[in-house]
$ cat upload_36.csv   # CSV, C-alpha atoms and all ligand atoms
chain,number,residue,atom,x,y,z
A,15,MET,CA,4.6,-9.7,8.0
A,16,ARG,CA,1.1,-8.6,9.2
A,17,VAL,CA,1.5,-5.8,11.8
A,18,LEU,CA,-1.5,-4.7,13.7
A,19,SER,CA,-2.3,-2.4,16.6
A,20,GLY,CA,-5.1,-0.2,18.0
A,21,ILE,CA,-5.4,2.9,20.1
A,22,GLN,CA,-8.2,3.9,22.5
A,23,PRO,CA,-10.0,7.2,22.0
A,24,SER,CA,-10.5,7.5,25.7
A,25,GLY,CA,-9.0,11.0,25.8
A,26,LYS,CA,-6.5,13.0,23.8
A,27,LEU,CA,-3.5,11.1,22.4
A,28,HIS,CA,-0.2,11.7,24.2
A,29,LEU,CA,3.5,11.3,23.9
A,30,GLY,CA,3.3,7.8,25.5
A,31,ASN,CA,0.9,6.7,22.8
A,32,TYR,CA,3.0,8.2,20.0
A,33,PHE,CA,6.4,6.9,21.0
A,34,GLY,CA,5.1,3.7,22.5
A,35,MET,CA,3.2,2.6,19.5
A,36,MET,CA,2.0,5.1,16.8
A,37,LYS,CA,5.5,6.2,15.5
A,38,ARG,CA,6.6,2.6,15.0
A,39,MET,CA,3.3,1.7,13.3
A,40,VAL,CA,3.9,4.5,10.7
A,41,GLU,CA,7.4,3.2,10.1
A,42,TYR,CA,6.1,-0.4,9.7
A,43,GLN,CA,3.6,0.5,6.9
A,44,ASN,CA,6.4,0.8,4.3
A,45,ASN,CA,7.6,-2.8,4.5
A,46,ASN,CA,4.7,-4.7,6.0
A,47,GLU,CA,1.0,-5.2,5.8
A,48,LEU,CA,-0.2,-2.7,8.3
A,49,PHE,CA,-3.6,-2.8,10.1
A,50,ALA,CA,-4.3,0.2,12.4
A,51,PHE,CA,-7.5,1.1,14.1
A,52,ILE,CA,-9.1,3.3,16.7
A,53,VAL,CA,-10.6,1.1,19.4
A,54,ASN,CA,-13.8,2.9,20.5
A,55,TYR,CA,-15.4,-0.3,21.8
A,56,HIS,CA,-12.6,-0.5,24.3
A,57,ALA,CA,-13.0,3.2,25.2
A,58,LEU,CA,-16.5,2.4,26.4
A,59,THR,CA,-15.0,0.7,29.4
A,60,SER,CA,-14.0,4.2,30.7
A,61,VAL,CA,-15.9,6.8,28.7
A,62,PHE,CA,-19.6,7.4,29.5
A,63,ASP,CA,-20.2,10.6,27.7
A,64,ALA,CA,-21.4,10.0,24.1
A,65,ASP,CA,-20.4,13.5,22.8
A,66,LYS,CA,-16.9,13.1,24.3
A,67,LEU,CA,-16.5,9.6,22.7
A,68,ARG,CA,-17.6,10.9,19.3
A,69,GLU,CA,-15.2,13.9,19.5
A,70,ASP,CA,-12.2,11.9,20.9
A,71,THR,CA,-12.8,9.2,18.2
A,72,PHE,CA,-12.8,11.7,15.4
A,73,ASN,CA,-9.7,13.5,16.9
A,74,ALA,CA,-7.8,10.2,17.3
A,75,VAL,CA,-8.5,9.3,13.6
A,76,CYS,CA,-7.2,12.8,12.5
A,77,ASP,CA,-4.2,12.5,14.8
A,78,PHE,CA,-3.2,9.1,13.4
A,79,LEU,CA,-3.6,10.3,9.8
A,80,ALA,CA,-1.7,13.5,10.5
A,81,LEU,CA,1.1,11.5,12.2
A,82,GLY,CA,1.6,9.5,9.0
A,83,ILE,CA,-0.8,6.6,8.6
A,84,ASP,CA,-1.3,6.3,4.9
A,85,PRO,CA,-4.7,4.8,4.0
A,86,GLU,CA,-3.4,3.8,0.6
A,87,LYS,CA,-0.7,1.6,2.3
A,88,ALA,CA,-2.4,0.6,5.5
A,89,VAL,CA,-5.9,-0.7,6.4
A,90,PHE,CA,-7.2,1.9,8.8
A,91,TRP,CA,-10.6,1.9,10.4
A,92,VAL,CA,-12.7,2.5,13.6
A,93,GLN,CA,-13.3,-0.6,15.6
A,94,SER,CA,-17.1,-0.3,15.9
A,95,ASP,CA,-17.4,-0.3,12.0
A,96,VAL,CA,-16.2,-3.9,12.1
A,97,PRO,CA,-18.8,-5.7,14.3
A,98,GLU,CA,-17.3,-9.1,13.5
A,99,VAL,CA,-14.8,-8.6,16.4
A,100,THR,CA,-17.6,-8.5,19.0
A,101,GLU,CA,-19.0,-11.8,17.8
A,102,LEU,CA,-15.5,-13.4,17.8
A,103,SER,CA,-15.0,-12.0,21.3
A,104,TRP,CA,-17.9,-14.2,22.5
A,105,LEU,CA,-16.5,-17.3,20.9
A,106,LEU,CA,-13.1,-16.6,22.6
A,107,SER,CA,-14.8,-15.9,25.9
A,108,ASN,CA,-15.7,-19.5,26.3
A,109,VAL,CA,-12.2,-20.7,26.1
A,110,THR,CA,-10.9,-18.0,28.5
A,111,GLY,CA,-10.5,-18.9,32.1
A,112,MET,CA,-11.6,-16.5,34.8
A,113,GLY,CA,-8.2,-16.8,36.4
A,114,LEU,CA,-6.4,-15.6,33.3
A,115,LEU,CA,-8.4,-12.3,33.4
A,116,GLU,CA,-8.2,-12.0,37.2
A,117,ARG,CA,-4.4,-11.8,36.9
A,118,SER,CA,-4.5,-8.9,34.5
A,119,HIS,CA,-2.3,-6.1,35.9
A,120,SER,CA,-4.2,-3.4,34.1
A,121,TYR,CA,-7.5,-4.5,35.6
A,122,LYS,CA,-5.9,-4.8,39.1
A,123,ASP,CA,-4.2,-1.4,38.8
A,124,LYS,CA,-7.5,0.3,37.8
A,125,MET,CA,-9.3,-1.4,40.7
A,126,ALA,CA,-6.6,-0.3,43.1
A,127,LYS,CA,-7.0,3.3,41.9
A,128,GLY,CA,-10.7,3.1,42.8
A,129,ILE,CA,-12.0,2.9,39.2
A,130,SER,CA,-15.2,0.8,39.5
A,131,ALA,CA,-15.0,-2.4,37.5
A,132,SER,CA,-17.6,-3.3,34.9
A,133,HIS,CA,-17.8,-6.6,33.1
A,134,GLY,CA,-16.5,-4.8,30.1
A,135,LEU,CA,-13.3,-3.7,31.9
A,136,PHE,CA,-12.8,-7.2,33.2
A,137,SER,CA,-13.2,-8.8,29.8
A,138,TYR,CA,-11.2,-6.1,27.9
A,139,PRO,CA,-8.4,-8.6,27.1
A,140,VAL,CA,-10.8,-11.0,25.4
A,141,LEU,CA,-12.0,-8.2,23.1
A,142,MET,CA,-8.4,-7.2,22.5
A,143,ALA,CA,-7.6,-10.9,21.6
A,144,ALA,CA,-10.5,-10.8,19.1
A,145,ASP,CA,-9.1,-7.5,17.6
A,146,ILE,CA,-5.8,-9.2,16.9
A,147,LEU,CA,-7.0,-12.7,15.9
A,148,ALA,CA,-9.7,-11.5,13.6
A,149,PHE,CA,-7.1,-10.1,11.3
A,150,GLY,CA,-4.4,-12.7,11.6
A,151,GLY,CA,-2.1,-10.1,13.3
A,152,GLU,CA,1.4,-11.5,13.6
A,153,LYS,CA,3.3,-8.6,15.1
A,154,VAL,CA,1.7,-6.2,17.6
A,155,PRO,CA,3.6,-3.0,18.4
A,156,VAL,CA,2.6,-1.9,21.9
A,157,GLY,CA,4.1,-0.2,24.9
A,158,LYS,CA,5.2,-2.3,27.9
A,159,ASP,CA,1.9,-1.8,29.7
A,160,GLN,CA,0.2,-4.0,27.1
A,161,LYS,CA,2.7,-6.8,27.3
A,162,GLN,CA,0.5,-8.9,29.6
A,163,HIS,CA,-2.6,-8.3,27.5
A,164,LEU,CA,-0.6,-9.7,24.5
A,165,GLU,CA,0.3,-12.7,26.5
A,166,ILE,CA,-3.3,-13.2,27.4
A,167,ALA,CA,-4.2,-13.0,23.7
A,168,ARG,CA,-1.6,-15.6,22.9
A,169,ASP,CA,-3.0,-17.9,25.6
A,170,ILE,CA,-6.5,-17.5,24.3
A,171,ALA,CA,-5.5,-18.3,20.7
A,172,GLU,CA,-3.5,-21.3,21.8
A,173,ARG,CA,-6.4,-22.6,23.9
A,174,PHE,CA,-8.9,-22.1,21.0
A,175,ASN,CA,-6.6,-23.9,18.6
A,176,ASN,CA,-6.1,-26.8,21.1
A,177,VAL,CA,-9.8,-27.2,21.7
A,178,TYR,CA,-11.2,-26.6,18.2
A,179,GLY,CA,-8.2,-27.2,15.9
A,180,GLU,CA,-5.8,-24.9,14.1
A,181,THR,CA,-7.8,-21.6,13.6
A,182,PHE,CA,-5.7,-18.6,14.6
A,183,ILE,CA,-2.2,-17.2,14.1
A,184,ILE,CA,-0.4,-16.8,17.5
A,185,PRO,CA,0.5,-13.1,17.7
A,186,GLU,CA,3.7,-11.6,19.1
A,187,ALA,CA,4.2,-8.4,21.0
A,188,ASP,CA,6.6,-5.9,19.6
A,189,ILE,CA,7.9,-3.6,22.3
A,190,ALA,CA,10.7,-1.1,21.8
A,191,GLU,CA,12.8,-1.2,25.0
A,192,ASP,CA,14.0,2.5,24.8
A,193,VAL,CA,10.4,3.9,24.8
A,194,ALA,CA,8.6,1.0,26.5
A,195,LEU,CA,7.1,3.0,29.3
A,196,ILE,CA,7.0,6.8,29.1
A,197,PRO,CA,6.3,8.6,32.4
A,198,GLY,CA,3.7,11.3,32.8
A,199,VAL,CA,4.1,14.7,34.4
A,200,ASP,CA,3.7,13.1,37.8
A,201,GLY,CA,6.3,10.4,37.1
A,202,GLN,CA,3.8,7.5,36.9
A,203,LYS,CA,3.1,5.8,33.5
A,204,MET,CA,1.7,8.5,31.2
A,205,SER,CA,-1.9,7.5,30.8
A,206,LYS,CA,-5.1,9.2,29.7
A,207,SER,CA,-7.0,7.9,32.7
A,208,TYR,CA,-4.4,9.2,35.2
A,209,GLY,CA,-4.7,12.8,34.0
A,210,ASN,CA,-0.9,13.1,33.7
A,211,THR,CA,-0.4,13.3,30.0
A,212,ILE,CA,1.5,15.6,27.7
A,213,GLU,CA,-0.8,15.7,24.6
A,214,ILE,CA,0.7,15.5,21.2
A,215,PHE,CA,-1.5,18.2,19.8
A,216,ALA,CA,-2.0,20.5,22.9
A,217,ASP,CA,-2.1,24.2,22.0
A,218,GLU,CA,1.1,26.2,22.8
A,219,LYS,CA,-0.1,27.5,26.2
A,220,THR,CA,-1.4,24.1,27.4
A,221,LEU,CA,1.7,22.3,26.3
A,222,LYS,CA,4.0,24.8,28.0
A,223,LYS,CA,1.9,24.5,31.2
A,224,LYS,CA,2.1,20.7,31.1
A,225,VAL,CA,5.9,20.6,30.5
A,226,MET,CA,6.5,23.1,33.2
A,227,ALA,CA,4.5,20.9,35.6
A,228,ILE,CA,6.7,17.8,35.1
A,229,LYS,CA,7.5,16.7,38.6
A,230,THR,CA,11.2,17.1,39.6
A,231,ASP,CA,13.1,16.4,42.8
A,232,ALA,CA,14.5,19.0,45.2
A,233,THR,CA,18.2,18.5,44.5
A,234,PRO,CA,19.9,21.9,45.0
A,235,ILE,CA,21.1,23.6,41.8
A,236,GLU,CA,24.8,23.3,42.8
A,237,GLU,CA,24.5,19.4,43.0
A,238,PRO,CA,24.4,16.8,40.2
A,239,LYS,CA,20.9,15.8,39.2
A,240,PRO,CA,19.7,12.2,39.3
A,241,ILE,CA,18.9,10.6,35.9
A,242,GLU,CA,17.2,7.4,37.3
A,243,ASP,CA,13.5,7.8,37.8
A,244,ASN,CA,13.7,11.4,36.6
A,245,ALA,CA,10.6,12.0,34.4
A,246,LEU,CA,12.1,15.2,32.9
A,247,PHE,CA,15.2,13.3,31.8
A,248,GLU,CA,13.2,10.4,30.5
A,249,ILE,CA,10.7,12.5,28.5
A,250,TYR,CA,13.4,14.7,27.0
A,251,SER,CA,15.5,11.6,26.1
A,252,ILE,CA,12.8,10.2,23.7
A,253,PHE,CA,13.4,13.2,21.4
A,254,LEU,CA,17.2,12.6,21.3
A,255,ASP,CA,19.5,10.3,19.4
A,256,LYS,CA,22.1,8.3,21.3
A,257,LYS,CA,24.8,11.0,21.2
A,258,GLU,CA,22.4,13.8,22.2
A,259,LYS,CA,21.1,11.6,25.1
A,260,GLU,CA,24.7,11.2,26.4
A,261,GLU,CA,25.1,15.0,26.2
A,262,LEU,CA,21.9,15.5,28.2
A,263,LYS,CA,23.0,13.0,30.8
A,264,GLU,CA,26.3,14.9,31.1
A,265,ARG,CA,24.4,18.1,31.7
A,266,PHE,CA,22.2,16.5,34.4
A,267,LEU,CA,25.3,15.2,36.1
A,268,THR,CA,27.1,18.6,36.0
A,269,PRO,CA,26.3,20.8,39.0
A,270,GLY,CA,24.4,24.0,38.1
A,271,LEU,CA,21.7,22.6,35.9
A,272,LYS,CA,18.3,24.3,36.5
A,273,TYR,CA,15.3,22.1,35.9
A,274,GLY,CA,13.2,25.2,34.9
A,275,GLU,CA,15.5,26.0,32.1
A,276,VAL,CA,15.6,22.4,30.8
A,277,LYS,CA,11.7,22.4,30.9
A,278,LYS,CA,11.5,25.5,28.8
A,279,GLU,CA,14.0,23.9,26.3
A,280,LEU,CA,12.0,20.7,26.2
A,281,PHE,CA,8.8,22.6,25.5
A,282,GLY,CA,10.5,24.1,22.5
A,283,VAL,CA,11.7,20.7,21.3
A,284,ILE,CA,8.2,19.1,21.6
A,285,TRP,CA,6.5,22.1,19.9
A,286,GLU,CA,8.9,22.0,17.0
A,287,TYR,CA,8.8,18.2,16.6
A,288,PHE,CA,5.1,18.1,16.0
A,289,ALA,CA,4.8,21.4,14.0
A,290,PRO,CA,4.5,19.7,10.5
A,291,TYR,CA,2.0,17.2,11.9
A,292,ARG,CA,-0.2,20.0,13.4
A,293,LYS,CA,-0.6,21.5,9.9
A,294,LYS,CA,-1.7,18.2,8.4
A,295,ARG,CA,-4.0,17.5,11.3
A,296,GLU,CA,-5.9,20.8,10.7
A,297,LEU,CA,-6.6,19.7,7.1
A,298,TYR,CA,-8.2,16.5,8.3
A,299,LEU,CA,-10.1,18.1,11.1
A,300,ASN,CA,-11.7,20.5,8.5
A,301,ASP,CA,-12.5,17.8,6.0
A,302,LYS,CA,-14.9,15.4,7.6
A,303,GLY,CA,-16.1,14.1,4.2
A,304,GLU,CA,-12.6,12.9,3.3
A,305,VAL,CA,-12.0,11.4,6.7
A,306,HIS,CA,-15.3,9.4,6.4
A,307,ARG,CA,-14.3,8.2,2.9
A,308,ILE,CA,-11.0,6.9,4.3
A,309,LEU,CA,-12.7,5.2,7.2
A,310,GLN,CA,-15.5,3.6,5.1
A,311,LYS,CA,-12.9,2.2,2.7
A,312,GLY,CA,-10.8,0.9,5.6
A,313,ALA,CA,-13.7,-0.7,7.4
A,314,LYS,CA,-14.8,-2.5,4.2
A,315,LYS,CA,-11.3,-4.0,3.8
A,316,ALA,CA,-11.1,-4.8,7.5
A,317,ARG,CA,-14.5,-6.6,7.4
A,318,GLU,CA,-13.3,-8.8,4.6
A,319,HIS,CA,-10.3,-9.9,6.6
A,320,ALA,CA,-12.3,-10.3,9.8
A,321,SER,CA,-15.0,-12.4,8.1
A,322,TYR,CA,-12.5,-14.9,7.0
A,323,TYR,CA,-11.4,-15.6,10.6
A,324,LEU,CA,-14.8,-15.3,12.1
A,325,ASP,CA,-16.3,-17.8,9.5
A,326,LEU,CA,-13.5,-20.2,10.2
A,327,ALA,CA,-14.0,-19.9,14.0
A,328,ARG,CA,-17.8,-20.3,13.7
A,329,LYS,CA,-17.3,-23.4,11.6
A,330,ASN,CA,-14.7,-24.9,14.0
A,331,VAL,CA,-16.9,-24.4,17.1
A,332,GLY,CA,-19.9,-25.9,15.3
A,333,LEU,CA,-22.2,-23.0,14.6
A,334,ASN,CA,-22.6,-24.0,11.0
A,335,TYR,CA,-25.5,-26.3,11.9
A,336,LEU,CA,-26.9,-26.6,8.3
A,337,ASP,CA,-23.7,-27.9,6.8
A,401,LIG,N1,3.2,5.8,28.9
A,401,LIG,C1,3.3,5.0,27.8
A,401,LIG,N2,4.5,4.6,27.4
A,401,LIG,C2,4.6,3.8,26.3
A,401,LIG,N3,3.6,3.3,25.6
A,401,LIG,C3,2.4,3.7,26.0
A,401,LIG,N4,1.1,3.5,25.5
A,401,LIG,C4,0.2,4.1,26.3
A,401,LIG,N5,0.8,4.7,27.3
A,401,LIG,C5,2.1,4.5,27.1
A,401,LIG,C6,0.9,2.6,24.3
A,401,LIG,O1,0.0,3.3,23.4
A,401,LIG,C7,-0.8,2.4,22.8
A,401,LIG,C8,-2.2,2.8,22.8
A,401,LIG,O2,-2.7,2.8,24.1
A,401,LIG,P1,-4.2,2.8,24.5
A,401,LIG,O3,-4.8,4.1,24.4
A,401,LIG,O4,-4.9,1.8,23.6
A,401,LIG,O5,-4.3,2.2,25.9
A,401,LIG,P2,-3.4,2.4,27.2
A,401,LIG,O6,-2.1,1.7,27.1
A,401,LIG,O7,-4.3,2.1,28.3
A,401,LIG,O8,-3.1,4.0,27.1
A,401,LIG,P3,-3.6,5.0,28.1
A,401,LIG,O9,-3.3,6.4,27.7
A,401,LIG,O10,-3.0,4.6,29.4
A,401,LIG,O11,-5.2,4.9,28.1
A,401,LIG,P4,-6.2,4.7,29.3
A,401,LIG,O12,-5.8,5.6,30.4
A,401,LIG,O13,-7.5,5.0,28.6
A,401,LIG,O14,-6.2,3.3,29.7
A,401,LIG,C9,-0.6,1.0,23.4
A,401,LIG,O15,0.2,0.2,22.6
A,401,LIG,C10,0.1,1.4,24.7
A,401,LIG,O16,1.0,0.3,25.1
$ encode --input "upload_36.csv" --output "structure tokens"
Amino acid sequence: MRVLSGIQPSGKLHLGNYFGMMKRMVEYQNNNELFAFIVNYHALTSVFDADKLREDTFNAVCDFLALGIDPEKAVFWVQSDVPEVTELSWLLSNVTGMGLLERSHSYKDKMAKGISASHGLFSYPVLMAADILAFGGEKVPVGKDQKQHLEIARDIAERFNNVYGETFIIPEADIAEDVALIPGVDGQKMSKSYGNTIEIFADEKTLKKKVMAIKTDATPIEEPKPIEDNALFEIYSIFLDKKEKEELKERFLTPGLKYGEVKKELFGVIWEYFAPYRKKRELYLNDKGEVHRILQKGAKKAREHASYYLDLARKNVGLNYLD
């Protein structure tokens, strides 16, 4: 099975990114053909500082490698090193109805939050469809927030195939229900653009500050604590197995629990969980040459795959005028 997914370097990577997508990607690479990439073209919809984009892109690459992407097993690259996807995006644009994009929740949510909309932000799902279709992606591990974008990608692929004949594989979203939507410190979806993230590789002091800032309700200590819509409970739960989660639930429902103590404990759990990855990440951060070699090799392989689908699409729409 060909498994494919990308991540935006639009800020520092966070627990939502890791548990929603990255962790499963790493697991998939052992028994599947894995395609993983850093989508810096997509980040251009929200990042307008070139130095920041360069830094966040390099950091995202090192994060993903440290967290377990194995460039010997997976095809791993940075999106802008494979320009075929932008050409394919144009071909797809012409079979994409305006209405389909206007219904995008992510676009509408960003508009509602006062983020000004560019054409790039509006057409983001078309580029995302190109990212998937260019590589024949069959299964796409994502968080629940990307479910609709995946449906749009499927619609675009089906429409293209209907208009021009069988060209693309129809991809399927792969969403893990237990980690589908991880809340941020304010209880909304954890998101780089909402400034509510707990970063995977924050330093000790920052991590502690973020965890201590998780929003909790004002239930008195002597009363049971709610577990529904409780960001502290939900974030803690992602680090626990089924039995441990039941125990945590029991603790929340038992009067006397102090949120502050649970937060301190959670900080320790997160810090320990990522300790081995932090060491590995330092090695990559300090070896730019090796990282570049990995990415060049990945981009070369990715371009070969993308060329196959792009050439087929060019031919099927009639751009091969000399044939
Ligand atoms: N809170 C989340 N819970 C579960 N999964 C999440 N993902 C993101 N946030 C959560 C998943 O992580 C993958 C990569 O996300 P992305 O960076 O490409 O885009 P995003 O979903 O828009 O993530 P952000 O942090 O919210 O970025 P910004 O703020 O820049 O838009 C995706 O599979 C996503 O589902």
$ closest_residue --input "upload_36.csv" --among "A:Leu221, A:Ala167, A:Ile252, A:Val331" --to "Trp285 of chain A" --atoms "all atoms listed in the file"
A:Leu221
$ residues_around --input "upload_36.csv" --residues "segment 25-42 of chain A" --least-positions-apart "4" --cutoff "7 Å" --atoms "all atoms listed in the file" --output "list in words"
Asn46, Leu48, Asp70, Ala74, Gly82, Ile83, Pro155, Val156, Gly157, Val193, Ala194, Ile196, Met204, Lys206, Thr211, Ile212, Glu213 and Ile214 of chain A
$ closest_residue --input "upload_36.csv" --among "A:Leu267, A:Leu333, A:Leu102, A:Val53" --to "ligand LIG 401 (chain A)" --atoms "only C-alpha atoms and all ligand atoms"
A:Val53
$ closest_residue --input "upload_36.csv" --among "A:Glu69, A:Glu191, A:Glu47, A:Asp217" --to "Gly150 of chain A" --atoms "all atoms listed in the file"
A:Glu47
$ residues_around --input "upload_36.csv" --residues "segment 222-224 of chain A" --least-positions-apart "3" --cutoff "7 Å" --atoms "only C-alpha atoms" --output "list in words"
Ile212, Glu218, Lys219, Ala227, Ile228 and Phe281 of chain A
$ atom_distance --input "upload_36.csv" --atom1 "atom O5 of ligand LIG 401 (chain A)" --atom2 "atom CA of Ile21 of chain A"
5.9 Å
$ residues_around --input "upload_36.csv" --residues "Gly282 of chain A" --least-positions-apart "3" --cutoff "12 Å" --atoms "all atoms listed in the file" --output "list of chain:residue names"
A:Glu218, A:Lys219, A:Leu221, A:Lys222, A:Val225, A:Met226, A:Tyr250, A:Phe253, A:Glu275, A:Val276, A:Lys277, A:Lys278, A:Glu279, A:Trp285, A:Glu286, A:Tyr287, A:Phe288, A:Ala289
$ closest_residue --input "upload_36.csv" --among "A:Gln160, A:Asn330, A:Asn54, A:Thr71" --to "ligand LIG 401 (chain A)" --atoms "all atoms listed in the file"
A:Gln160
$ closest_residue --input "upload_36.csv" --among "A:Leu141, A:Cys76, A:Ile129, A:Val89" --to "Leu106 of chain A" --atoms "all atoms listed in the file"
A:Leu141
$ closest_residue --input "upload_36.csv" --among "A:Thr100, A:Asn73, A:Ser130, A:Gln202" --to "ligand LIG 401 (chain A)" --atoms "only C-alpha atoms and all ligand atoms"
A:Gln202
$ residues_around --input "upload_36.csv" --residues "Val109 of chain A" --least-positions-apart "6" --cutoff "8 Å" --atoms "only C-alpha atoms" --output "PDB file with C-alpha atoms, keeping the file's coordinate frame"
ATOM      1  CA  ILE A 170      -6.500 -17.500  24.300  1.00  0.00           C
ATOM      2  CA  ARG A 173      -6.400 -22.600  23.900  1.00  0.00           C
ATOM      3  CA  PHE A 174      -8.900 -22.100  21.000  1.00  0.00           C
TER       4      PHE A 174
END
$ axis_aligned_box --input "upload_36.csv" --around "segment 169-183 of chain A" --padding-each-side "5 Å" --output "JSON"
{"center_x": -6.7, "center_y": -22.2, "center_z": 19.6, "size_x": 19.0, "size_y": 20.0, "size_z": 22.0}
$ residues_around --input "upload_36.csv" --residues "segment 254-264 of chain A" --least-positions-apart "4" --cutoff "10 Å" --atoms "only C-alpha atoms" --output "ChimeraX atom specification"
/A:238-241,247-250,268-269,276,283
$ decode --input "upload_36.csv" --residues "segment 81-152 of chain A" --atoms "C-alpha atoms" --output "JSON list (two decimals), in the first residue's frame"
[["chain", "number", "residue", "atom", "x", "y", "z"],
["A", 81, "LEU", "CA", 11.08, 11.09, 15.25],
["A", 82, "GLY", "CA", 11.85, 8.07, 13.11],
["A", 83, "ILE", "CA", 11.44, 8.66, 9.38],
["A", 84, "ASP", "CA", 14.06, 6.40, 7.84],
["A", 85, "PRO", "CA", 15.25, 7.76, 4.49],
["A", 86, "GLU", "CA", 16.39, 4.27, 3.51],
["A", 87, "LYS", "CA", 12.84, 2.96, 3.82],
["A", 88, "ALA", "CA", 10.74, 6.03, 3.00],
["A", 89, "VAL", "CA", 10.84, 8.62, 0.23],
["A", 90, "PHE", "CA", 11.36, 11.84, 2.18],
["A", 91, "TRP", "CA", 11.66, 15.31, 0.62],
["A", 92, "VAL", "CA", 10.76, 19.00, 0.77],
["A", 93, "GLN", "CA", 7.78, 19.92, -1.42],
["A", 94, "SER", "CA", 9.45, 22.79, -3.30],
["A", 95, "ASP", "CA", 12.19, 20.44, -4.54],
["A", 96, "VAL", "CA", 9.54, 18.69, -6.64],
["A", 97, "PRO", "CA", 8.07, 21.46, -8.82],
["A", 98, "GLU", "CA", 5.98, 18.93, -10.79],
["A", 99, "VAL", "CA", 3.24, 19.31, -8.16],
["A", 100, "THR", "CA", 2.67, 22.98, -8.95],
["A", 101, "GLU", "CA", 2.17, 22.19, -12.63],
["A", 102, "LEU", "CA", -0.19, 19.38, -11.78],
["A", 103, "SER", "CA", -2.03, 21.72, -9.45],
["A", 104, "TRP", "CA", -2.85, 23.95, -12.45],
["A", 105, "LEU", "CA", -4.19, 21.02, -14.44],
["A", 106, "LEU", "CA", -6.39, 20.05, -11.49],
["A", 107, "SER", "CA", -7.56, 23.64, -10.95],
["A", 108, "ASN", "CA", -9.51, 23.51, -14.16],
["A", 109, "VAL", "CA", -11.69, 20.63, -13.07],
["A", 110, "THR", "CA", -12.20, 22.07, -9.57],
["A", 111, "GLY", "CA", -15.46, 23.93, -9.02],
["A", 112, "MET", "CA", -15.35, 27.20, -7.06],
["A", 113, "GLY", "CA", -18.19, 25.87, -4.88],
["A", 114, "LEU", "CA", -16.08, 22.91, -3.77],
["A", 115, "LEU", "CA", -13.36, 25.23, -2.46],
["A", 116, "GLU", "CA", -15.82, 27.74, -1.00],
["A", 117, "ARG", "CA", -17.19, 24.97, 1.24],
["A", 118, "SER", "CA", -13.76, 24.25, 2.80],
["A", 119, "HIS", "CA", -14.08, 24.47, 6.61],
["A", 120, "SER", "CA", -10.42, 25.27, 7.06],
["A", 121, "TYR", "CA", -10.69, 28.27, 4.69],
["A", 122, "LYS", "CA", -13.92, 29.41, 6.32],
["A", 123, "ASP", "CA", -12.48, 29.03, 9.86],
["A", 124, "LYS", "CA", -9.41, 31.08, 8.96],
["A", 125, "MET", "CA", -11.60, 33.78, 7.41],
["A", 126, "ALA", "CA", -13.79, 33.80, 10.53],
["A", 127, "LYS", "CA", -10.67, 34.32, 12.66],
["A", 128, "GLY", "CA", -9.84, 37.42, 10.62],
["A", 129, "ILE", "CA", -6.90, 35.81, 8.75],
["A", 130, "SER", "CA", -6.91, 37.62, 5.39],
["A", 131, "ALA", "CA", -7.53, 35.28, 2.47],
["A", 132, "SER", "CA", -5.18, 35.10, -0.51],
["A", 133, "HIS", "CA", -5.80, 33.09, -3.64],
["A", 134, "GLY", "CA", -3.17, 30.65, -2.33],
["A", 135, "LEU", "CA", -5.13, 30.01, 0.86],
["A", 136, "PHE", "CA", -8.33, 29.56, -1.14],
["A", 137, "SER", "CA", -6.77, 27.09, -3.57],
["A", 138, "TYR", "CA", -4.76, 25.22, -0.88],
["A", 139, "PRO", "CA", -6.90, 22.05, -1.31],
["A", 140, "VAL", "CA", -6.05, 21.89, -5.03],
["A", 141, "LEU", "CA", -2.32, 21.92, -4.30],
["A", 142, "MET", "CA", -2.93, 19.32, -1.61],
["A", 143, "ALA", "CA", -4.78, 17.16, -4.16],
["A", 144, "ALA", "CA", -1.78, 17.52, -6.49],
["A", 145, "ASP", "CA", 0.56, 16.49, -3.65],
["A", 146, "ILE", "CA", -1.33, 13.24, -3.23],
["A", 147, "LEU", "CA", -2.26, 12.43, -6.83],
["A", 148, "ALA", "CA", 1.24, 13.13, -8.18],
["A", 149, "PHE", "CA", 2.56, 10.17, -6.23],
["A", 150, "GLY", "CA", -0.33, 7.76, -6.53],
["A", 151, "GLY", "CA", -1.00, 8.03, -2.79],
["A", 152, "GLU", "CA", -3.55, 5.43, -1.69]]
